[in-house]
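**Student:** Have a peek at coords11.txt (compact mmCIF, C-alpha atoms).
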```txt
# COMPACT_ATOMS: atom_id res chain seq x y z
CA MET S 791 117.29 119.69 94.81
CA MET S 792 115.38 116.48 95.26
CA LYS S 793 112.68 115.22 92.90
CA VAL S 794 110.22 112.36 92.94
CA THR S 795 110.91 110.22 89.87
CA HIS S 796 109.17 106.90 90.54
CA ALA S 797 106.60 105.54 92.93
CA GLN S 798 106.05 101.81 93.16
CA LEU S 799 102.85 99.78 93.15
CA TRP S 800 102.58 96.05 93.75
CA VAL S 801 100.59 94.26 91.09
CA HIS S 802 99.31 90.71 90.90
CA ASP S 803 100.36 90.29 87.29
CA GLN S 804 102.67 92.61 85.36
CA ASP S 805 101.28 91.79 81.92
CA GLU S 806 97.75 92.45 83.08
CA ALA S 807 98.86 95.68 84.77
CA LEU S 808 100.78 96.76 81.68
CA ALA S 809 97.71 96.25 79.50
CA PHE S 810 95.57 98.22 81.95
CA TYR S 811 97.88 101.21 82.30
CA THR S 812 98.72 101.48 78.60
CA GLN S 813 95.54 100.35 76.83
CA LYS S 814 92.88 101.53 79.27
CA LEU S 815 94.55 104.50 80.90
CA GLY S 816 96.53 105.49 77.82
CA TRP S 817 99.83 105.80 79.66
CA GLU S 818 103.17 105.06 78.02
CA VAL S 819 105.84 102.52 78.89
CA ARG S 820 108.92 104.19 80.35
CA SER S 821 110.95 101.04 80.88
CA ASP S 822 110.39 97.33 80.60
CA VAL S 823 113.58 95.48 81.40
CA THR S 824 113.96 91.88 82.51
CA VAL S 825 117.20 91.02 84.30
CA PRO S 826 118.19 87.33 83.93
CA GLU S 827 120.93 87.51 86.53
CA LEU S 828 118.37 88.67 89.09
CA GLY S 829 116.01 85.76 88.61
CA ASN S 830 114.27 87.48 85.70
CA PHE S 831 113.29 90.45 87.82
CA ARG S 832 111.27 92.75 85.59
CA TRP S 833 111.55 96.51 86.04
CA LEU S 834 108.36 97.82 84.49
CA ALA S 835 107.56 101.52 84.66
CA VAL S 836 104.69 103.44 83.09
CA GLY S 837 103.73 107.09 83.17
CA PRO S 838 101.14 109.53 81.92
CA VAL S 839 101.74 111.05 78.50
CA GLY S 840 102.97 114.61 78.90
CA GLN S 841 104.54 114.16 82.32
CA ASP S 842 107.97 112.83 81.55
CA ASP S 843 109.68 113.18 84.90
CA PHE S 844 107.47 110.85 86.89
CA ALA S 845 106.69 107.16 86.47
CA VAL S 846 104.90 104.42 88.36
CA THR S 847 106.82 101.19 88.72
CA LEU S 848 104.59 98.13 88.55
CA MET S 849 106.25 95.42 90.56
CA THR S 850 105.32 91.80 91.11
CA ILE S 851 105.03 90.77 94.74
CA PRO S 852 108.22 88.80 95.25
CA GLY S 853 108.48 85.40 96.88
CA PRO S 854 111.45 84.06 98.86
CA PRO S 855 114.09 85.22 99.55
CA VAL S 856 112.66 88.77 99.38
CA PHE S 857 109.31 87.99 101.01
CA ASP S 858 108.54 84.70 102.70
CA ALA S 859 105.37 83.02 101.43
CA GLU S 860 103.26 84.28 104.33
CA THR S 861 104.33 87.90 103.82
CA ALA S 862 103.74 87.70 100.07
CA ASN S 863 100.31 86.29 100.73
CA GLN S 864 99.51 89.02 103.24
CA VAL S 865 100.52 91.75 100.79
CA GLN S 866 98.46 90.10 98.08
CA THR S 867 95.41 89.90 100.33
CA LEU S 868 95.75 93.47 101.55
CA MET S 869 95.92 94.70 97.97
CA ALA S 870 92.93 92.61 97.00
CA LYS S 871 91.04 94.17 99.91
CA GLY S 872 91.90 97.64 98.65
CA ALA S 873 94.19 98.48 101.57
CA ALA S 874 97.32 99.18 99.57
CA GLY S 875 97.35 102.93 99.17
CA THR S 876 96.31 105.45 96.59
CA VAL S 877 97.73 107.29 93.59
CA PHE S 878 96.28 110.77 93.08
CA LEU S 879 95.80 112.00 89.52
CA GLU S 880 94.56 115.30 88.21
CA SER S 881 92.76 116.15 85.00
CA ASP S 882 91.30 119.34 83.56
CA ASP S 883 88.12 117.45 82.65
CA VAL S 884 87.21 114.65 85.00
CA ASP S 885 83.86 113.96 83.35
CA ALA S 886 85.39 113.50 79.91
CA GLU S 887 88.04 111.19 81.38
CA TYR S 888 85.35 109.26 83.20
CA GLU S 889 83.42 108.71 79.97
CA ALA S 890 86.52 107.68 78.06
CA LEU S 891 87.82 105.34 80.75
CA THR S 892 84.42 103.78 81.37
CA SER S 893 84.03 103.08 77.66
CA ARG S 894 87.33 101.21 77.85
CA GLY S 895 86.10 99.06 80.72
CA VAL S 896 87.61 100.84 83.73
CA GLU S 897 85.50 100.24 86.84
CA PHE S 898 85.02 103.35 88.94
CA VAL S 899 84.74 103.24 92.71
CA ASP S 900 83.54 106.81 92.96
CA LEU S 901 81.69 108.35 90.07
CA PRO S 902 82.57 112.02 89.46
CA GLU S 903 81.13 113.99 92.35
CA ASP S 904 81.37 117.61 93.42
CA ARG S 905 83.46 118.15 96.52
CA PRO S 906 84.43 121.42 98.16
CA TYR S 907 87.86 121.28 96.48
CA GLY S 908 86.61 120.34 93.02
CA ARG S 909 85.25 117.32 91.22
CA ASP S 910 86.56 113.97 92.27
CA SER S 911 86.32 110.33 91.22
CA SER S 912 88.25 107.12 91.66
CA PHE S 913 88.84 103.73 90.11
CA ARG S 914 91.00 100.66 90.61
CA ASP S 915 93.58 98.85 88.58
CA PRO S 916 93.12 95.08 88.15
CA SER S 917 95.16 94.37 91.28
CA GLY S 918 92.95 96.54 93.46
CA ASN S 919 95.21 99.58 93.64
CA HIS S 920 93.18 102.72 94.15
CA LEU S 921 93.62 105.68 91.82
CA ARG S 922 91.84 108.98 92.38
CA LEU S 923 91.16 111.27 89.48
CA MET S 924 90.24 114.79 90.40
CA GLN S 925 89.73 118.17 88.88
CA THR S 926 90.51 120.82 91.42
CA ALA S 927 88.35 123.89 91.74
CA ALA S 928 91.28 126.04 90.62
CA VAL S 929 91.64 124.02 87.42
CA ARG S 930 87.92 124.15 86.74
CA ALA S 931 87.63 127.89 87.28
CA MET Y 121 96.53 83.99 79.97
CA THR Y 122 95.13 83.07 83.36
CA THR Y 123 95.72 85.63 86.06
CA PHE Y 124 95.58 84.69 89.71
CA VAL Y 125 92.92 86.69 91.49
CA PRO Y 126 92.92 86.59 95.30
CA PRO Y 127 89.40 85.84 96.62
CA ALA Y 128 89.27 89.15 98.46
CA ARG Y 129 89.43 90.97 95.11
CA HIS Y 130 85.87 89.81 94.39
CA LEU Y 131 84.72 91.08 97.75
CA LEU Y 132 86.38 94.41 97.03
CA ARG Y 133 84.47 94.59 93.75
CA ALA Y 134 81.24 94.29 95.75
CA ARG Y 135 82.41 96.94 98.22
CA ASP Y 136 83.33 99.21 95.32
CA LEU Y 137 79.82 98.75 93.95
CA ALA Y 138 78.43 100.12 97.22
CA ASP Y 139 80.80 103.08 97.04
CA ALA Y 140 80.08 103.76 93.38
CA ARG Y 141 76.32 103.16 93.23
CA TYR Y 142 75.13 103.99 96.75
CA PHE Y 143 72.66 106.51 95.26
CA GLU Y 144 70.78 103.75 93.45
CA PRO Y 145 68.32 101.34 95.11
CA LEU Y 146 71.17 98.95 95.77
CA ASP Y 147 71.04 96.16 98.34
CA VAL Y 148 73.10 93.27 99.65
CA ASP Y 149 71.82 90.97 96.90
CA ASP Y 150 73.33 93.29 94.29
CA MET Y 151 76.62 93.33 96.18
CA ALA Y 152 76.64 89.51 96.42
CA ARG Y 153 76.03 89.28 92.69
CA ALA Y 154 78.98 91.60 92.04
CA ALA Y 155 81.17 89.26 94.06
CA GLY Y 156 79.75 86.19 92.33
CA LEU Y 157 78.73 84.59 95.63
CA SER Y 158 75.51 83.47 97.25
CA ARG Y 159 74.07 86.05 99.61
CA ALA Y 160 74.74 84.09 102.80
CA HIS Y 161 78.29 83.14 101.81
CA PHE Y 162 78.98 86.67 100.60
CA SER Y 163 77.81 88.29 103.82
CA ARG Y 164 80.01 85.98 105.89
CA GLU Y 165 83.07 86.50 103.72
CA PHE Y 166 82.56 90.25 103.49
CA ARG Y 167 82.38 90.54 107.24
CA ARG Y 168 85.49 88.42 107.61
CA ALA Y 169 87.44 90.53 105.10
CA PHE Y 170 86.30 94.00 106.09
CA GLY Y 171 85.13 93.62 109.67
CA GLU Y 172 81.53 94.67 109.15
CA PRO Y 173 78.46 93.30 107.40
CA PRO Y 174 77.78 94.49 103.85
CA HIS Y 175 74.49 96.24 104.68
CA VAL Y 176 76.28 98.32 107.30
CA TYR Y 177 79.01 99.24 104.84
CA LEU Y 178 76.38 100.36 102.33
CA LEU Y 179 74.37 102.31 104.89
CA THR Y 180 77.41 104.09 106.34
CA ARG Y 181 78.51 105.05 102.83
CA ARG Y 182 75.10 106.63 102.31
CA LEU Y 183 75.20 108.37 105.68
CA GLU Y 184 78.74 109.60 105.07
CA ARG Y 185 77.68 111.13 101.77
CA ALA Y 186 74.53 112.58 103.33
CA ALA Y 187 76.63 114.17 106.07
CA ALA Y 188 78.96 115.65 103.46
CA LEU Y 189 76.00 117.09 101.55
CA LEU Y 190 74.57 118.54 104.75
CA ARG Y 191 77.88 120.23 105.47
CA THR Y 192 78.59 121.52 101.99
CA THR Y 193 75.24 122.24 100.33
CA ASP Y 194 71.95 123.89 101.20
CA ARG Y 195 69.85 121.08 99.76
CA SER Y 196 66.88 119.93 101.86
CA VAL Y 197 67.13 116.93 104.16
CA ALA Y 198 64.55 115.03 102.10
CA ASP Y 199 66.41 115.78 98.88
CA ILE Y 200 69.66 114.57 100.41
CA CYS Y 201 67.99 111.43 101.75
CA PHE Y 202 66.73 110.43 98.30
CA SER Y 203 69.94 111.42 96.56
CA VAL Y 204 71.98 108.96 98.64
CA GLY Y 205 69.72 106.04 97.70
CA LEU Y 206 67.50 105.91 100.79
CA GLN Y 207 63.76 105.68 100.30
CA SER Y 208 62.32 106.96 103.56
CA VAL Y 209 63.06 110.30 105.20
CA GLY Y 210 61.85 108.92 108.53
CA SER Y 211 64.28 105.98 108.44
CA PHE Y 212 67.04 108.24 107.22
CA THR Y 213 66.53 110.67 110.08
CA THR Y 214 66.46 107.80 112.58
CA SER Y 215 69.63 106.19 111.18
CA PHE Y 216 71.40 109.52 110.95
CA THR Y 217 70.47 110.56 114.46
CA ARG Y 218 71.48 107.20 115.93
CA THR Y 219 74.78 107.35 114.08
CA PHE Y 220 75.82 110.95 114.52
CA GLY Y 221 74.02 111.64 117.77
CA VAL Y 222 72.06 114.57 116.35
CA SER Y 223 69.42 115.04 113.70
CA PRO Y 224 70.45 116.01 110.15
CA THR Y 225 69.26 119.59 110.73
CA VAL Y 226 71.19 120.00 113.97
CA TYR Y 227 74.24 118.36 112.40
CA ARG Y 228 74.16 120.84 109.55
CA ALA Y 229 73.92 123.79 111.91
CA ARG Y 230 77.13 122.69 113.62
CA PHE Y 231 79.18 123.04 110.46
CA PRO Y 232 79.46 126.49 108.98
CA PRO Y 233 80.19 126.05 105.26
CA ALA Y 234 83.66 127.57 105.39
CA ALA Y 235 84.84 125.00 107.92
CA SER Y 236 84.36 122.17 105.47
CA HIS Y 237 86.26 123.67 102.58
CA ALA Y 238 89.63 122.18 103.43
CA ARG Y 239 91.14 120.45 100.39
CA VAL Y 240 90.74 116.94 101.74
CA PRO Y 241 90.24 114.33 99.01
CA ALA Y 242 86.97 112.41 98.94
CA CYS Y 243 88.62 109.11 99.90
CA ILE Y 244 89.76 110.67 103.15
CA VAL Y 245 86.24 111.93 103.77
CA HIS Y 246 84.92 108.42 103.02
CA PHE Y 247 87.29 106.71 105.38
CA TYR Y 248 87.41 109.20 108.20
CA GLY Y 249 83.91 110.59 107.79
CA ARG Y 250 82.32 107.16 107.81
CA PRO Y 251 80.28 106.84 111.00
CA ALA Y 252 81.39 104.26 113.53
CA ASN Y 253 78.07 103.54 115.21
CA ARG Y 254 77.27 99.96 114.24
CA THR Y 255 73.72 99.47 115.50
CA PHE Y 256 71.12 99.79 112.83
CA ARG Y 257 68.19 97.93 114.30
CA GLU Y 258 65.77 99.47 111.86
CA ASP Y 259 67.60 97.96 108.93
CA ARG Y 260 65.40 95.56 107.02
CA THR Y 261 68.11 93.05 106.18
CA ALA Y 262 68.33 89.80 108.08
CA ALA Y 263 70.54 89.38 111.12
CA GLY Y 264 73.94 88.05 110.27
CA ASP Y 265 74.35 90.10 107.11
```
Can you present the structure in this file as structure tokens?
**Tutor:**
Amino acid sequence: MMKVTHAQLWVHDQDEALAFYTQKLGWEVRSDVTVPELGNFRWLAVGPVGQDDFAVTLMTIPGPPVFDAETANQVQTLMAKGAAGTVFLESDDVDAEYEALTSRGVEFVDLPEDRPYGRDSSFRDPSGNHLRLMQTAAVRA
Amino acid sequence: MTTFVPPARHLLRARDLADARYFEPLDVDDMARAAGLSRAHFSREFRRAFGEPPHVYLLTRRLERAAALLRTTDRSVADICFSVGLQSVGSFTTSFTRTFGVSPTVYRARFPPAASHARVPACIVHFYGRPANRTFREDRTAAGD
């Protein structure tokens, strides 16, 4: 059996991302380890409370020798333009989440809206990563 | 703590404003303010980053949402027009027809409700449902936006 345990997002700044995911989203830190022998590489993973077997790894865009400066810059620009992919989240009450997250300063891209499959919304993390938050029709029923 | 913010992030904030608040009387000036840039500079930079002028992005977001409402609800064309932030049913019908090739009423008739009930997330509908026709001569914003 194969399971998804982590998915990785690039972030512009790990401290800023950590504050966003823990303080604004209310997620918990799963690991935060800095490895001196790997140039202080920091493995930082966060996940939603109540879902222990999945985490999102927030990784700084590396410079040389992993990425040359041009590649790092391209990744950074693509993220800033919102072209870096999407994380899909589900809630049993999208409107309540929207109110709570908005009150904590989260900027929504899509306000909660009815769609054929349920009620859907989306927001971004500080780096520009896109997160969708939806409440499927089955959950709402 | 000072965090590096790539310039495009500010442009994305303006684009997000169009996506989030399309139903309000929003215009390019509001988008430029969200990016913290002058209108002329903003329009140039937006086009460079995203390949289309900001007023077109805003209008196609409105038309995309209008098309979705035509497919999935039985609300009137006028109601849908106003609910996506457009002020004139005549202009809406013209823009819609030029973009989708058929009037809102004919468009709706082509999509039986059941056909649109696939569980495709809204972002996919935004991206892939966004019309590609780029000529909006009736738009009131200045050329070069």
**Student:** Can you check which residues of chain S have any atom within 12 Å of chain Y? Use all atoms listed in the file and format it as number ranges by chain.
**Tutor:** S: 801-807, 862-873, 875-880, 897-928
**Student:** Near S:Leu834, within 12 Å and counting all atoms listed in the file, which residues show up once chain neighbours fewer than 5 positions away are dropped, as a list in words?
**Tutor:**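 These residues fall inside the cut-off: His796, Ala797, Gln798, Leu799, Trp800, Val801, Asp803, Gln804, Asp805, Glu806, Ala807, Leu808, Ala809, Tyr811, Thr812, Glu818, Val819, Arg820, Ser821, Asp822, Val823, Thr824, Val825, Ala845, Val846, Thr847, Leu848, Met849 and Thr850 of chain S.
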**Student:** Here is a test: counting only C-alpha atoms, which residue of S:Phe810, S:Phe857, S:Trp817, S:Tyr888 is nearest to S:Gln841?
**Tutor:**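 Once distances to S:Gln841 are computed over only C-alpha atoms, the minimum belongs to S:Trp817.
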**Student:** Name all residues at most 12 Å from Y:Ala229 (count all atoms listed in the file; drop same-chain ones fewer than 5 positions away) and give them as a PDB file with C-alpha atoms, in the coordinates of the input.
**Tutor:**
```pdb
ATOM      1  CA  ALA Y 187      76.630 114.170 106.070  1.00  0.00           C
ATOM      2  CA  LEU Y 190      74.570 118.540 104.750  1.00  0.00           C
ATOM      3  CA  ARG Y 191      77.880 120.230 105.470  1.00  0.00           C
ATOM      4  CA  THR Y 192      78.590 121.520 101.990  1.00  0.00           C
ATOM      5  CA  THR Y 193      75.240 122.240 100.330  1.00  0.00           C
ATOM      6  CA  ASP Y 194      71.950 123.890 101.200  1.00  0.00           C
ATOM      7  CA  VAL Y 222      72.060 114.570 116.350  1.00  0.00           C
ATOM      8  CA  SER Y 223      69.420 115.040 113.700  1.00  0.00           C
ATOM      9  CA  PRO Y 224      70.450 116.010 110.150  1.00  0.00           C
ATOM     10  CA  ALA Y 235      84.840 125.000 107.920  1.00  0.00           C
TER      11      ALA Y 235
END
```
**Student:** For atom CA of Y:Ile200 and atom CA of Y:Ala186, quote the distance in Å rounded to one decimal.
**Tutor:**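 These two atoms are separated by 6.0 Å.
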**Student:** Counting all atoms listed in the file, which residue out of Y:Ala134, Y:Val148, Y:Val226, Y:Leu206 sits closest to Y:Val176?
**Tutor:** Y:Val148
**Student:** When distances are computed from all atoms listed in the file, which of S:Val856, S:Val794, S:Val896, S:Val839 shows the smallest separation from S:Gly816?
**Tutor:**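 The closest residue to S:Gly816 is S:Val839.
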**Student:** Using atom CA of Y:Gly249 and atom CA of Y:Phe216 as the two end points, give the distance in Å to one decimal.
**Tutor:**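 These two atoms are separated by 12.9 Å.
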**Student:** What does the distance from atom CA of S:Ser893 to atom CA of S:Gly840 come to in Å, to one decimal?
**Tutor:** 22.2 Å
**Student:** Of the candidates Y:Gly171, Y:Arg153, Y:Val197, Y:Val204, which one gets nearest to Y:Glu184 if we count only C-alpha atoms?
**Tutor:**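 Ranked by minimum distance to Y:Glu184, first place goes to Y:Val204.
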**Student:** Adding 6 Å on each side of the box along x, y and z that holds all listed atoms of stretch 846-853 of chain S, could you give its centre and edge lengths in Å to one decimal, as JSON?
**Tutor:**
```
{"center_x": 106.5, "center_y": 94.9, "center_z": 92.6, "size_x": 15.9, "size_y": 31.0, "size_z": 20.5}
```
**Student:** Would you list the contacts of Y:Ala152 as a PyMOL selection string, taking every protein, DNA or RNA residue within 7 Å and counting all atoms listed in the file, but skipping same-chain residues closer than 6 positions in sequence?
**Tutor:** chain Y and resi 134+158-159+162
**Student:** Could you please take those selected residues and save C-alpha atoms as a PDB file, in the frame of the given file?
**Tutor:**
```pdb
ATOM      1  CA  ALA Y 134      81.240  94.290  95.750  1.00  0.00           C
ATOM      2  CA  SER Y 158      75.510  83.470  97.250  1.00  0.00           C
ATOM      3  CA  ARG Y 159      74.070  86.050  99.610  1.00  0.00           C
ATOM      4  CA  PHE Y 162      78.980  86.670 100.600  1.00  0.00           C
TER       5      PHE Y 162
END
```
